[in-house]
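Trainee: Sharing my_file-v3.cif below, mmCIF, C-alpha atoms and all ligand atoms:
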data_work
loop_
_atom_site.label_atom_id
_atom_site.label_comp_id
_atom_site.auth_asym_id
_atom_site.auth_seq_id
_atom_site.Cartn_x
_atom_site.Cartn_y
_atom_site.Cartn_z
CA MET A 1 -34.55 -25.74 7.06
CA SER A 2 -32.43 -22.89 5.70
CA GLY A 3 -32.12 -19.61 7.52
CA ALA A 4 -33.56 -17.74 4.54
CA LYS A 5 -36.69 -19.89 4.49
CA SER A 6 -37.22 -19.13 8.17
CA VAL A 7 -37.28 -15.37 7.63
CA ASN A 8 -40.79 -14.33 8.62
CA GLN A 9 -41.87 -11.42 6.40
CA GLN A 10 -44.98 -10.60 8.44
CA ARG A 11 -43.12 -10.65 11.76
CA LEU A 12 -40.44 -8.34 10.33
CA TRP A 13 -43.02 -5.94 8.89
CA GLN A 14 -45.00 -5.88 12.14
CA ARG A 15 -41.85 -5.09 14.15
CA HIS A 16 -41.28 -2.08 11.88
CA ALA A 17 -44.84 -0.96 12.57
CA ASP A 18 -44.37 -1.44 16.32
CA MET A 19 -41.10 0.51 16.33
CA ALA A 20 -42.59 3.29 14.15
CA LYS A 21 -44.99 4.08 16.99
CA LEU A 22 -42.01 5.07 19.18
CA GLY A 23 -41.45 8.67 18.14
CA GLY A 24 -44.10 8.37 15.41
CA THR A 25 -45.05 11.64 13.68
CA PRO A 26 -48.48 12.64 12.28
CA ARG A 27 -47.16 12.19 8.69
CA GLY A 28 -46.17 8.58 9.35
CA GLY A 29 -42.48 9.20 9.91
CA VAL A 30 -40.47 9.14 13.10
CA ASN A 31 -38.70 11.66 15.29
CA ARG A 32 -36.62 9.37 17.48
CA GLN A 33 -33.51 11.41 18.14
CA ALA A 34 -30.43 9.92 19.77
CA LEU A 35 -30.69 9.38 23.53
CA SER A 36 -34.22 10.74 23.67
CA PRO A 37 -37.09 9.07 25.55
CA GLU A 38 -38.24 7.70 22.19
CA ASP A 39 -34.80 6.15 21.67
CA ALA A 40 -35.01 4.59 25.13
CA ALA A 41 -38.41 3.15 24.28
CA ALA A 42 -37.02 1.55 21.12
CA ARG A 43 -34.15 0.08 23.12
CA ASN A 44 -36.57 -1.42 25.60
CA GLN A 45 -38.69 -2.81 22.79
CA LEU A 46 -35.74 -4.54 21.13
CA ALA A 47 -34.39 -5.86 24.43
CA GLY A 48 -37.82 -7.22 25.35
CA TRP A 49 -38.13 -9.11 22.07
CA ALA A 50 -34.58 -10.44 22.49
CA ARG A 51 -35.06 -11.65 26.04
CA ALA A 52 -38.29 -13.38 25.02
CA ARG A 53 -36.23 -15.43 22.54
CA GLY A 54 -33.61 -16.29 25.13
CA PHE A 55 -30.91 -14.14 23.55
CA SER A 56 -28.60 -12.22 25.88
CA VAL A 57 -28.70 -8.43 25.86
CA PHE A 58 -26.01 -5.99 26.97
CA THR A 59 -24.85 -2.44 26.38
CA ASP A 60 -21.51 -0.63 26.51
CA ALA A 61 -20.23 2.69 27.86
CA ILE A 62 -21.43 4.68 24.81
CA GLY A 63 -24.82 2.95 24.87
CA ASN A 64 -24.45 0.58 21.93
CA LEU A 65 -27.05 -2.16 22.46
CA PHE A 66 -26.07 -5.76 21.65
CA VAL A 67 -28.19 -8.93 21.27
CA ARG A 68 -26.22 -12.19 21.31
CA ARG A 69 -27.17 -15.64 20.01
CA GLU A 70 -24.64 -18.16 21.26
CA GLY A 71 -22.44 -20.25 19.00
CA THR A 72 -21.00 -23.69 19.63
CA ASP A 73 -17.66 -21.97 20.20
CA PRO A 74 -18.61 -19.16 22.61
CA ALA A 75 -15.02 -17.90 22.75
CA ALA A 76 -14.93 -17.30 18.99
CA PRO A 77 -15.15 -13.65 17.88
CA PRO A 78 -18.80 -13.08 16.88
CA VAL A 79 -20.28 -12.20 13.54
CA LEU A 80 -22.05 -8.86 13.99
CA SER A 81 -24.92 -7.25 12.12
CA GLY A 82 -26.98 -4.14 12.82
CA SER A 83 -27.47 -0.43 12.25
CA HIS A 84 -29.13 2.38 14.24
CA MET A 85 -32.51 3.18 15.81
CA ASP A 86 -32.06 6.93 16.17
CA SER A 87 -33.64 9.00 13.44
CA GLN A 88 -33.59 12.40 11.83
CA PRO A 89 -36.09 14.92 13.29
CA THR A 90 -38.32 14.34 10.25
CA GLY A 91 -37.08 10.83 9.59
CA GLY A 92 -38.54 7.72 8.05
CA ARG A 93 -39.42 4.44 9.72
CA PHE A 94 -36.83 2.37 7.81
CA ASP A 95 -33.55 4.36 7.87
CA GLY A 96 -31.40 2.46 10.37
CA MET A 97 -34.27 0.58 11.96
CA TYR A 98 -34.38 -1.86 9.05
CA GLY A 99 -30.77 -2.87 9.66
CA VAL A 100 -31.42 -3.47 13.35
CA LEU A 101 -34.64 -5.43 12.77
CA ALA A 102 -33.14 -7.39 9.86
CA ALA A 103 -30.27 -8.42 12.11
CA PHE A 104 -32.70 -9.42 14.85
CA GLU A 105 -34.90 -11.30 12.36
CA ALA A 106 -31.78 -13.13 11.19
CA LEU A 107 -31.13 -14.31 14.75
CA GLU A 108 -34.75 -15.43 15.05
CA ALA A 109 -34.62 -17.20 11.68
CA LEU A 110 -31.48 -19.10 12.70
CA GLU A 111 -33.23 -20.05 15.93
CA ASP A 112 -36.46 -21.08 14.19
CA ALA A 113 -34.50 -23.15 11.67
CA GLY A 114 -32.57 -24.81 14.49
CA ILE A 115 -29.32 -23.81 12.82
CA LYS A 116 -26.21 -24.00 14.94
CA THR A 117 -23.34 -21.67 14.15
CA ARG A 118 -19.77 -22.05 15.37
CA ARG A 119 -19.38 -18.36 16.03
CA PRO A 120 -21.90 -16.41 18.07
CA VAL A 121 -24.06 -14.17 15.86
CA MET A 122 -25.00 -10.76 17.25
CA ALA A 123 -27.32 -7.91 16.42
CA VAL A 124 -26.40 -4.34 17.38
CA ALA A 125 -28.13 -0.96 17.58
CA TRP A 126 -25.37 1.66 17.43
CA THR A 127 -25.78 4.85 19.43
CA ASN A 128 -26.34 8.15 17.59
CA GLU A 129 -25.68 7.31 13.95
CA GLU A 130 -27.55 10.30 12.59
CA GLY A 131 -25.59 13.00 14.39
CA SER A 132 -28.51 15.39 14.06
CA ARG A 133 -28.88 16.04 17.79
CA PHE A 134 -25.34 15.31 19.01
CA GLN A 135 -22.39 15.62 16.64
CA PRO A 136 -20.54 13.77 15.25
CA GLY A 137 -22.72 11.10 13.71
CA ALA A 138 -21.97 7.38 13.66
CA MET A 139 -20.75 8.04 17.18
CA GLY A 140 -21.40 4.68 18.84
CA SER A 141 -19.76 2.67 16.09
CA ALA A 142 -16.83 5.10 15.91
CA VAL A 143 -16.18 4.84 19.63
CA PHE A 144 -16.48 1.03 19.37
CA ALA A 145 -13.90 1.09 16.56
CA GLY A 146 -11.58 3.40 18.52
CA THR A 147 -11.95 6.26 16.02
CA TYR A 148 -13.42 8.69 18.56
CA ARG A 149 -12.47 8.80 22.25
CA LEU A 150 -15.28 7.90 24.67
CA ASP A 151 -14.63 10.86 26.99
CA ASP A 152 -14.69 13.32 24.10
CA MET A 153 -18.07 12.00 23.00
CA LEU A 154 -19.52 11.99 26.53
CA ALA A 155 -18.66 15.70 26.73
CA GLN A 156 -20.50 16.61 23.51
CA LYS A 157 -23.52 18.90 23.83
CA ASP A 158 -26.69 19.07 21.77
CA TRP A 159 -28.03 22.34 20.29
CA LYS A 160 -29.80 23.11 23.58
CA GLY A 161 -26.65 22.52 25.65
CA VAL A 162 -27.63 19.08 26.99
CA VAL A 163 -24.44 17.09 27.70
CA LEU A 164 -24.36 13.68 26.04
CA LYS A 165 -23.17 11.98 29.25
CA ASP A 166 -26.37 13.08 31.01
CA ALA A 167 -28.64 12.12 28.12
CA LEU A 168 -26.93 8.71 27.97
CA ALA A 169 -27.37 8.18 31.71
CA ASP A 170 -31.08 9.03 31.42
CA THR A 171 -31.45 6.66 28.48
CA LEU A 172 -29.70 3.75 30.19
CA LYS A 173 -31.83 4.36 33.29
CA ALA A 174 -34.99 4.26 31.17
CA ALA A 175 -33.73 1.27 29.17
CA PRO A 176 -31.56 -0.72 31.56
CA ALA A 177 -29.29 -3.49 30.25
CA PRO A 178 -26.21 -5.20 31.69
CA MET A 179 -23.20 -3.00 30.97
CA ARG A 180 -20.18 -4.72 29.44
CA ASP A 181 -17.08 -3.93 31.49
CA GLY A 182 -14.29 -1.79 30.15
CA PRO A 183 -14.13 0.61 27.23
CA PRO A 184 -16.39 -0.01 24.22
CA GLY A 185 -15.03 -2.43 21.66
CA PHE A 186 -14.38 -6.14 21.40
CA SER A 187 -13.01 -8.53 18.78
CA VAL A 188 -15.45 -9.03 15.90
CA ASP A 189 -15.00 -11.62 13.16
CA SER A 190 -17.00 -9.77 10.50
CA TYR A 191 -19.82 -7.24 10.12
CA VAL A 192 -22.72 -6.98 7.66
CA GLU A 193 -25.24 -4.13 7.72
CA ALA A 194 -28.58 -4.11 5.93
CA HIS A 195 -30.04 -0.71 5.03
CA ILE A 196 -32.49 0.90 2.64
CA GLU A 197 -30.56 2.46 -0.25
CA GLN A 198 -31.75 6.02 0.44
CA GLY A 199 -31.37 6.67 -3.29
CA PRO A 200 -33.28 5.71 -6.48
CA ARG A 201 -30.85 3.41 -8.29
CA LEU A 202 -32.23 -0.02 -7.27
CA GLU A 203 -35.78 1.06 -7.99
CA ASN A 204 -34.80 2.65 -11.33
CA GLU A 205 -32.89 -0.46 -12.40
CA GLY A 206 -35.53 -2.86 -11.08
CA LYS A 207 -33.13 -4.63 -8.74
CA THR A 208 -33.98 -6.02 -5.30
CA ILE A 209 -30.55 -6.30 -3.70
CA GLY A 210 -27.74 -3.75 -3.65
CA VAL A 211 -24.33 -5.38 -3.19
CA VAL A 212 -22.62 -2.44 -1.56
CA THR A 213 -18.96 -2.03 -2.54
CA ALA A 214 -18.01 1.24 -0.84
CA ILE A 215 -19.15 4.33 1.06
CA GLN A 216 -18.13 7.79 -0.13
CA GLY A 217 -16.03 10.07 2.05
CA SER A 218 -17.80 12.64 4.21
CA ARG A 219 -16.74 15.73 6.10
CA ARG A 220 -18.76 17.95 8.40
CA TYR A 221 -17.96 21.53 9.47
CA ILE A 222 -19.38 24.30 11.60
CA VAL A 223 -18.92 27.92 10.49
CA THR A 224 -19.17 30.61 13.18
CA ILE A 225 -19.53 34.29 12.26
CA GLU A 226 -19.24 37.02 14.90
CA GLY A 227 -21.08 40.27 14.14
CA GLU A 228 -22.37 43.02 16.38
CA GLU A 229 -25.92 43.38 17.62
CA ALA A 230 -27.36 46.75 16.64
CA HIS A 231 -30.67 48.53 16.21
CA ALA A 232 -32.37 47.57 12.95
CA GLY A 233 -33.86 51.04 12.54
CA THR A 234 -31.06 53.36 13.44
CA THR A 235 -27.89 51.62 12.30
CA PRO A 236 -26.65 52.58 8.82
CA ARG A 237 -25.48 49.69 6.62
CA ALA A 238 -21.98 51.19 6.54
CA ALA A 239 -21.78 50.89 10.32
CA ARG A 240 -23.13 47.38 10.58
CA LYS A 241 -21.36 44.11 11.39
CA ASP A 242 -24.27 41.99 10.21
CA ALA A 243 -23.42 38.33 10.84
CA TYR A 244 -26.29 37.08 8.70
CA ALA A 245 -25.32 39.24 5.73
CA ALA A 246 -21.83 37.76 6.02
CA ALA A 247 -23.29 34.24 6.26
CA THR A 248 -25.23 34.71 3.05
CA ARG A 249 -22.07 35.88 1.23
CA LEU A 250 -20.17 32.84 2.47
CA ALA A 251 -22.98 30.45 1.63
CA ALA A 252 -23.48 31.84 -1.88
CA ALA A 253 -19.76 31.58 -2.61
CA MET A 254 -19.63 28.03 -1.20
CA TYR A 255 -22.55 26.78 -3.28
CA GLU A 256 -20.84 28.25 -6.33
CA ALA A 257 -17.48 26.70 -5.47
CA THR A 258 -18.97 23.21 -4.92
CA THR A 259 -21.07 23.06 -8.08
CA ASP A 260 -19.30 20.41 -10.16
CA GLU A 261 -20.21 19.50 -13.74
CA ALA A 262 -20.54 15.78 -12.96
CA ASP A 263 -22.85 16.50 -9.99
CA THR A 264 -20.98 14.04 -7.75
CA LEU A 265 -19.87 16.44 -5.02
CA ARG A 266 -22.51 16.77 -2.28
CA PHE A 267 -22.63 20.07 -0.37
CA THR A 268 -25.36 20.77 2.21
CA ILE A 269 -25.96 23.57 4.67
CA GLY A 270 -28.52 21.88 6.89
CA ARG A 271 -28.71 23.96 10.02
CA VAL A 272 -28.38 27.74 10.49
CA GLU A 273 -28.64 29.47 13.85
CA VAL A 274 -29.04 33.26 13.96
CA SER A 275 -28.77 35.12 17.25
CA PRO A 276 -30.30 36.88 18.98
CA GLY A 277 -33.02 35.98 16.47
CA SER A 278 -34.99 39.16 16.95
CA PRO A 279 -36.62 40.81 13.90
CA ASN A 280 -35.36 44.27 14.83
CA THR A 281 -31.83 43.50 15.99
CA VAL A 282 -28.96 43.16 13.53
CA PRO A 283 -27.68 39.55 14.00
CA GLY A 284 -24.64 39.44 16.25
CA LYS A 285 -23.79 35.80 15.65
CA VAL A 286 -24.53 33.12 13.06
CA THR A 287 -23.46 29.49 12.97
CA PHE A 288 -24.15 27.10 10.13
CA THR A 289 -23.31 23.45 9.46
CA ILE A 290 -21.72 22.05 6.31
CA ASP A 291 -22.02 18.43 5.18
CA MET A 292 -19.72 17.68 2.20
CA ARG A 293 -19.25 14.28 0.51
CA HIS A 294 -17.43 12.72 -2.44
CA PRO A 295 -16.08 9.27 -3.34
CA ARG A 296 -12.50 10.62 -3.62
CA ASN A 297 -10.62 12.11 -0.68
CA GLU A 298 -8.48 14.38 -2.83
CA VAL A 299 -11.62 16.08 -4.14
CA LEU A 300 -12.82 16.67 -0.58
CA GLU A 301 -9.39 17.98 0.35
CA ALA A 302 -9.35 20.42 -2.57
CA HIS A 303 -12.84 21.69 -1.80
CA GLU A 304 -12.10 22.06 1.90
CA ALA A 305 -9.31 24.44 0.91
CA LYS A 306 -11.84 26.45 -1.14
CA LEU A 307 -14.25 26.65 1.80
CA ARG A 308 -11.48 27.87 4.08
CA ALA A 309 -10.43 30.51 1.55
CA ILE A 310 -14.03 31.74 1.27
CA VAL A 311 -14.39 32.03 5.04
CA ALA A 312 -11.10 33.91 5.24
CA GLY A 313 -11.88 36.25 2.36
CA LYS A 314 -15.61 37.01 2.29
CA ALA A 315 -16.84 37.47 5.85
CA ALA A 316 -15.43 40.98 6.48
CA PRO A 317 -16.25 43.05 8.47
CA CYS A 318 -17.31 40.07 10.61
CA PRO A 319 -14.62 37.67 11.81
CA ALA A 320 -15.50 34.07 10.85
CA VAL A 321 -14.03 30.64 11.54
CA ILE A 322 -14.66 27.22 10.02
CA GLU A 323 -14.14 24.16 12.22
CA ARG A 324 -14.03 20.63 10.80
CA VAL A 325 -16.13 18.37 13.03
CA THR A 326 -15.80 15.06 11.18
CA ASN A 327 -13.60 13.65 8.43
CA VAL A 328 -14.48 10.10 7.41
CA ALA A 329 -12.40 8.77 4.52
CA PRO A 330 -14.06 6.78 1.71
CA THR A 331 -14.57 3.14 2.76
CA ASP A 332 -13.98 0.14 0.51
CA PHE A 333 -15.74 -2.99 1.76
CA ASP A 334 -14.14 -6.42 1.99
CA PRO A 335 -14.11 -8.26 -1.36
CA GLY A 336 -14.90 -11.55 0.40
CA VAL A 337 -18.00 -10.15 2.07
CA ILE A 338 -19.06 -8.39 -1.14
CA GLY A 339 -18.74 -11.70 -3.01
CA LEU A 340 -20.73 -13.54 -0.36
CA VAL A 341 -23.58 -11.01 -0.53
CA ARG A 342 -23.66 -11.28 -4.33
CA ASP A 343 -23.51 -15.11 -4.29
CA LYS A 344 -26.26 -15.47 -1.70
CA ALA A 345 -28.50 -13.02 -3.55
CA ARG A 346 -27.98 -15.04 -6.73
CA ALA A 347 -28.58 -18.35 -4.91
CA LEU A 348 -31.88 -16.95 -3.67
CA GLY A 349 -32.78 -15.89 -7.20
CA LEU A 350 -32.83 -12.21 -6.24
CA SER A 351 -31.91 -9.56 -8.81
CA ASN A 352 -28.88 -7.64 -7.63
CA MET A 353 -26.27 -5.08 -8.60
CA ASP A 354 -22.99 -3.80 -7.21
CA MET A 355 -23.16 -0.20 -6.07
CA PRO A 356 -21.46 2.35 -3.80
CA SER A 357 -23.29 4.06 -0.94
CA GLY A 358 -23.93 7.80 -1.08
CA ALA A 359 -25.09 7.78 2.53
CA GLY A 360 -22.85 7.23 5.52
CA HIS A 361 -23.36 4.21 7.74
CA ASP A 362 -21.93 2.66 10.90
CA ALA A 363 -20.24 0.08 8.65
CA MET A 364 -17.71 2.76 7.61
CA HIS A 365 -16.19 2.59 11.09
CA ILE A 366 -16.57 -1.14 11.71
CA ALA A 367 -14.87 -1.85 8.36
CA LYS A 368 -11.69 -0.61 10.06
CA LEU A 369 -11.92 -3.49 12.56
CA CYS A 370 -12.88 -6.49 10.47
CA PRO A 371 -14.12 -7.65 7.04
CA ALA A 372 -17.38 -5.76 6.48
CA GLY A 373 -20.06 -5.24 3.88
CA MET A 374 -23.60 -3.97 3.36
CA ILE A 375 -26.83 -5.11 1.76
CA PHE A 376 -29.19 -2.51 0.28
CA VAL A 377 -32.87 -2.85 -0.50
CA PRO A 378 -34.89 -0.29 -2.48
CA CYS A 379 -36.89 2.53 -0.91
CA GLU A 380 -39.70 4.27 -2.76
CA ARG A 381 -38.38 6.89 -5.21
CA GLY A 382 -35.13 6.79 -3.26
CA ILE A 383 -36.59 9.18 -0.70
CA SER A 384 -35.09 9.18 2.82
CA HIS A 385 -34.48 11.61 5.69
CA ASN A 386 -38.13 12.41 5.02
CA GLU A 387 -41.28 11.21 6.81
CA ILE A 388 -42.69 9.72 3.59
CA GLU A 389 -39.76 7.26 3.34
CA ASN A 390 -41.20 3.91 2.28
CA ALA A 391 -40.23 0.31 1.47
CA THR A 392 -42.11 -2.93 0.77
CA PRO A 393 -42.41 -5.90 3.14
CA GLN A 394 -41.23 -8.15 0.28
CA ASP A 395 -37.98 -6.19 -0.30
CA LEU A 396 -37.26 -5.96 3.43
CA ALA A 397 -37.71 -9.73 3.75
CA ALA A 398 -35.58 -10.40 0.65
CA GLY A 399 -32.71 -8.35 2.06
CA THR A 400 -33.06 -10.20 5.34
CA GLN A 401 -32.94 -13.57 3.60
CA VAL A 402 -29.64 -12.60 1.99
CA LEU A 403 -28.42 -11.31 5.35
CA VAL A 404 -29.16 -14.51 7.28
CA GLU A 405 -27.47 -16.64 4.60
CA VAL A 406 -24.39 -14.40 4.66
CA LEU A 407 -24.24 -14.35 8.46
CA GLU A 408 -24.56 -18.14 8.66
CA ALA A 409 -21.76 -18.60 6.10
CA LEU A 410 -19.50 -16.17 7.98
CA ALA A 411 -20.30 -17.76 11.33
CA ASN A 412 -19.45 -21.26 10.11
CA ARG A 413 -16.35 -20.59 8.02
O1 LIG B 1 -25.98 11.22 6.82
C1 LIG B 1 -25.95 10.05 6.48
O2 LIG B 1 -25.40 9.72 5.46
C2 LIG B 1 -26.65 9.00 7.31
O3 LIG B 1 -27.91 8.77 6.75
N1 LIG B 1 -26.81 9.40 8.67
MN MN B 2 -29.03 5.27 8.33
MN MN B 3 -29.91 8.57 8.09
#
Before anything else, please render the file you have as structure tokens.
Mentor:
Amino acid sequence: MSGAKSVNQQRLWQRHADMAKLGGTPRGGVNRQALSPEDAAARNQLAGWARARGFSVFTDAIGNLFVRREGTDPAAPPVLSGSHMDSQPTGGRFDGMYGVLAAFEALEALEDAGIKTRRPVMAVAWTNEEGSRFQPGAMGSAVFAGTYRLDDMLAQKDWKGVVLKDALADTLKAAPAPMRDGPPGFSVDSYVEAHIEQGPRLENEGKTIGVVTAIQGSRRYIVTIEGEEAHAGTTPRAARKDAYAAATRLAAAMYEATTDEADTLRFTIGRVEVSPGSPNTVPGKVTFTIDMRHPRNEVLEAHEAKLRAIVAGKAAPCPAVIERVTNVAPTDFDPGVIGLVRDKARALGLSNMDMPSGAGHDAMHIAKLCPAGMIFVPCERGISHNEIENATPQDLAAGTQVLVEVLEALANR
């Protein structure tokens, strides 16, 4: 029996429904933020399913959760597949979770088909991919790849001041798993991540499988503007150091400076904090986040210079600083893995197309360690990072069939 034929569409769909209850929102989405009780519940759920199948489960010092199916050569570097279970605050039930459940379904399908692989095959749920609670995002995979230092990440705080180290300790206490000794990271033969596209191209072109060739570059910043609290009724405009007025000048200039004809540059101000946040006090401090993306690093570089010039020139009379929090270069995936994904999709008679990824994924860090690639499936109207995110059981199963065939080929080469 082939691995693909053992993919169980109903089981996979039901697992999504079970996981969507953990952090489920009234509109049918999920709010399962990194290292929250909901995240811990998802970890326990996955570990419980894994143990019931006789797979081994372990975690590492940044909380990445691994499920291992043994190979005939246990010392061989494993083939790894997975994604993330943390979500945006108003997230969908498929972003990240599909990649984790597809990887787990692949392990189950190999088991059900009685397929032996030389290399172990592993599923992984990376810690804090979204970076919406704790920055930076794709944290667990980046620490695993040696891009970010573990201690630096443990010291990160969320918007309420909670230290990541404490949130991680609480999570691992609520979702206990054997801890792998030593710093995160081990030798991996290859990595393949399944994910919903989070864009409309597959649906528009009527294709089932996205053969992902690359991920665009992404940079994240925090702008901090210092004003001076003052009375809203008595303080003349000429005497004000209004941090929010300065923020609006900066933001307006930045939107202008990042509006490109081809509409390929992505510029987002997603979070703004105004303090003290009182209606009748002139804001004394404003911070806002910037998320900027483009397929070419030199374009990001050039636009970063523009942002810095705007902050330096348009915030007066309020001093302002811009700090770069992340800088992930564009990722090109391994031609061998790309070819394997395309060949297996074809062999399964699934329509497919090569495409880059607009969204960031854990694969961008793991691609630094080993040959890596991604498999996309469509999501309804390309909507994601939204509670109405949707996908079909058929497409999820199709992507998983390609995944299990690719993993088996990689594990036996
Ligand atoms: O932001 C991203 O691209 C990813 O969905 N976290
Ligand atoms: Mn994701
Ligand atoms: Mn996401």
Trainee: For the point (-24.5, 24.3, 3.8) in the file's frame, write as number ranges by chain all residues with an atom no more than 6 Å away, counting only C-alpha atoms.
Mentor: A: 268-270, 289-290
Trainee: Rank nothing, just name the residue among A:Pro378, A:Gly48, A:Pro319, A:Gly29 nearest to A:Thr224, using all atoms listed in the file.
Mentor: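 Between A:Pro378, A:Gly48, A:Pro319, A:Gly29, the residue approaching A:Thr224 most closely is A:Pro319.
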Trainee: In Å, with one decimal, what is the gap from atom CA of A:Asn128 to atom CA of A:Trp49?
Mentor: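 Computing the Euclidean distance for atom CA of A:Asn128 and atom CA of A:Trp49 yields 21.4 Å.
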Trainee: Could you work out how far atom CA of A:Gly210 lies from atom CA of A:Phe186, giving the answer in Å with one decimal?
Mentor: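 That distance, rounded to one decimal, is 28.5 Å.
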Trainee: Which residues form the shell of 7 Å around ligand MN 3 (chain B) when you count only C-alpha atoms and all ligand atoms, given as a list in words?
Mentor: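 Using only C-alpha atoms and all ligand atoms, I find these residues within 7 Å of ligand MN 3 (chain B): Ser87, Gln88, Asp95, Gly96, Glu130 and His385 of chain A.
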Trainee: Would you compute the distance between atom CA of A:Gly114 and atom CA of A:Met1? Give it in Å to one decimal.
Mentor: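 Between atom CA of A:Gly114 and atom CA of A:Met1 the gap works out to 7.7 Å.
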Trainee: Please determine, counting all atoms listed in the file, which residue among A:Lys21, A:His84, A:Arg180, A:Arg220 has the shortest atom-to-atom distance to ligand MN 2 (chain B).
Mentor: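 Nearest to ligand MN 2 (chain B): A:His84.
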Trainee: Pick out the closest residue to A:Ala315 from this set: A:Val211, A:Met353, A:Ala251, A:Ala398. Count only C-alpha atoms.
Mentor: A:Ala251
Trainee: How close does each residue of chain A get to ligand LIG 1 (chain B), giving the shortest atom pair and distance in Å to one decimal for every residue with an atom at most 8 Å away, counting all atoms listed in the file, sorted by chain and residue number, as JSON lines?
Mentor:
{"residue": "A:Asp95", "atom": "CA", "partner": "B:LIG1", "partner_atom": "O3", "distance": 7.2}
{"residue": "A:Glu129", "atom": "CA", "partner": "B:LIG1", "partner_atom": "N1", "distance": 5.8}
{"residue": "A:Glu130", "atom": "CA", "partner": "B:LIG1", "partner_atom": "N1", "distance": 4.1}
{"residue": "A:Gly131", "atom": "CA", "partner": "B:LIG1", "partner_atom": "N1", "distance": 6.9}
{"residue": "A:Gly137", "atom": "CA", "partner": "B:LIG1", "partner_atom": "N1", "distance": 6.7}
{"residue": "A:Ala138", "atom": "CA", "partner": "B:LIG1", "partner_atom": "N1", "distance": 7.2}
{"residue": "A:Gln198", "atom": "CA", "partner": "B:LIG1", "partner_atom": "O3", "distance": 7.9}
{"residue": "A:Gly358", "atom": "CA", "partner": "B:LIG1", "partner_atom": "O2", "distance": 7.0}
{"residue": "A:Ala359", "atom": "CA", "partner": "B:LIG1", "partner_atom": "O2", "distance": 3.5}
{"residue": "A:Gly360", "atom": "CA", "partner": "B:LIG1", "partner_atom": "O2", "distance": 3.6}
{"residue": "A:His361", "atom": "CA", "partner": "B:LIG1", "partner_atom": "C2", "distance": 5.8}
{"residue": "A:His385", "atom": "CA", "partner": "B:LIG1", "partner_atom": "O3", "distance": 7.2}
Trainee: Fewer than 4 positions away in the same chain doesn't count, so skip those; otherwise give me all residues within 8 Å of A:Ser357, counting only C-alpha atoms, as a list in words.
Mentor: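 Neighbouring residues, sequence-local ones excluded: Glu197, Val212, Thr213, Ala214, Ile215 and Gln216 of chain A.
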Trainee: Once you have the residues from the selection above, write them out as a CSV table (one decimal), in the coordinates of the input, restricted to C-alpha atoms.
Mentor:
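Now in out.csv:
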chain,number,residue,atom,x,y,z
A,197,GLU,CA,-30.6,2.5,-0.2
A,212,VAL,CA,-22.6,-2.4,-1.6
A,213,THR,CA,-19.0,-2.0,-2.5
A,214,ALA,CA,-18.0,1.2,-0.8
A,215,ILE,CA,-19.2,4.3,1.1
A,216,GLN,CA,-18.1,7.8,-0.1
Trainee: When distances are computed from only C-alpha atoms and all ligand atoms, which of A:Thr72, A:Gln156, A:Asn390, A:Ser384 shows the smallest separation from ligand MN 2 (chain B)?
Mentor: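 Closest candidate: A:Ser384.
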Trainee: I'd like the contact shell of stretch 144-152 of chain A - 10 Å cut-off, all atoms listed in the file, skipping same-chain residues fewer than 3 positions apart - returned as a list of chain:residue names.
Mentor: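 That gives A:Asp60, A:Ala61, A:Ile62, A:Asn64, A:Trp126, A:Pro136, A:Ala138, A:Met139, A:Gly140, A:Ser141, A:Ala155, A:Gln156, A:Leu164, A:Lys165, A:Pro183, A:Pro184, A:Gly185, A:Phe186, A:Ser187, A:Val328, A:Asp362, A:Met364, A:His365, A:Ile366, A:Ala367, A:Lys368, A:Leu369, A:Cys370.
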Trainee: Using only C-alpha atoms and all ligand atoms, which of the listed residues (A:Pro77, A:Pro26, A:Gly349, A:Gly92) sits closest to ligand MN 2 (chain B)?
Mentor: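 So, comparing all the options, the nearest one is A:Gly92.
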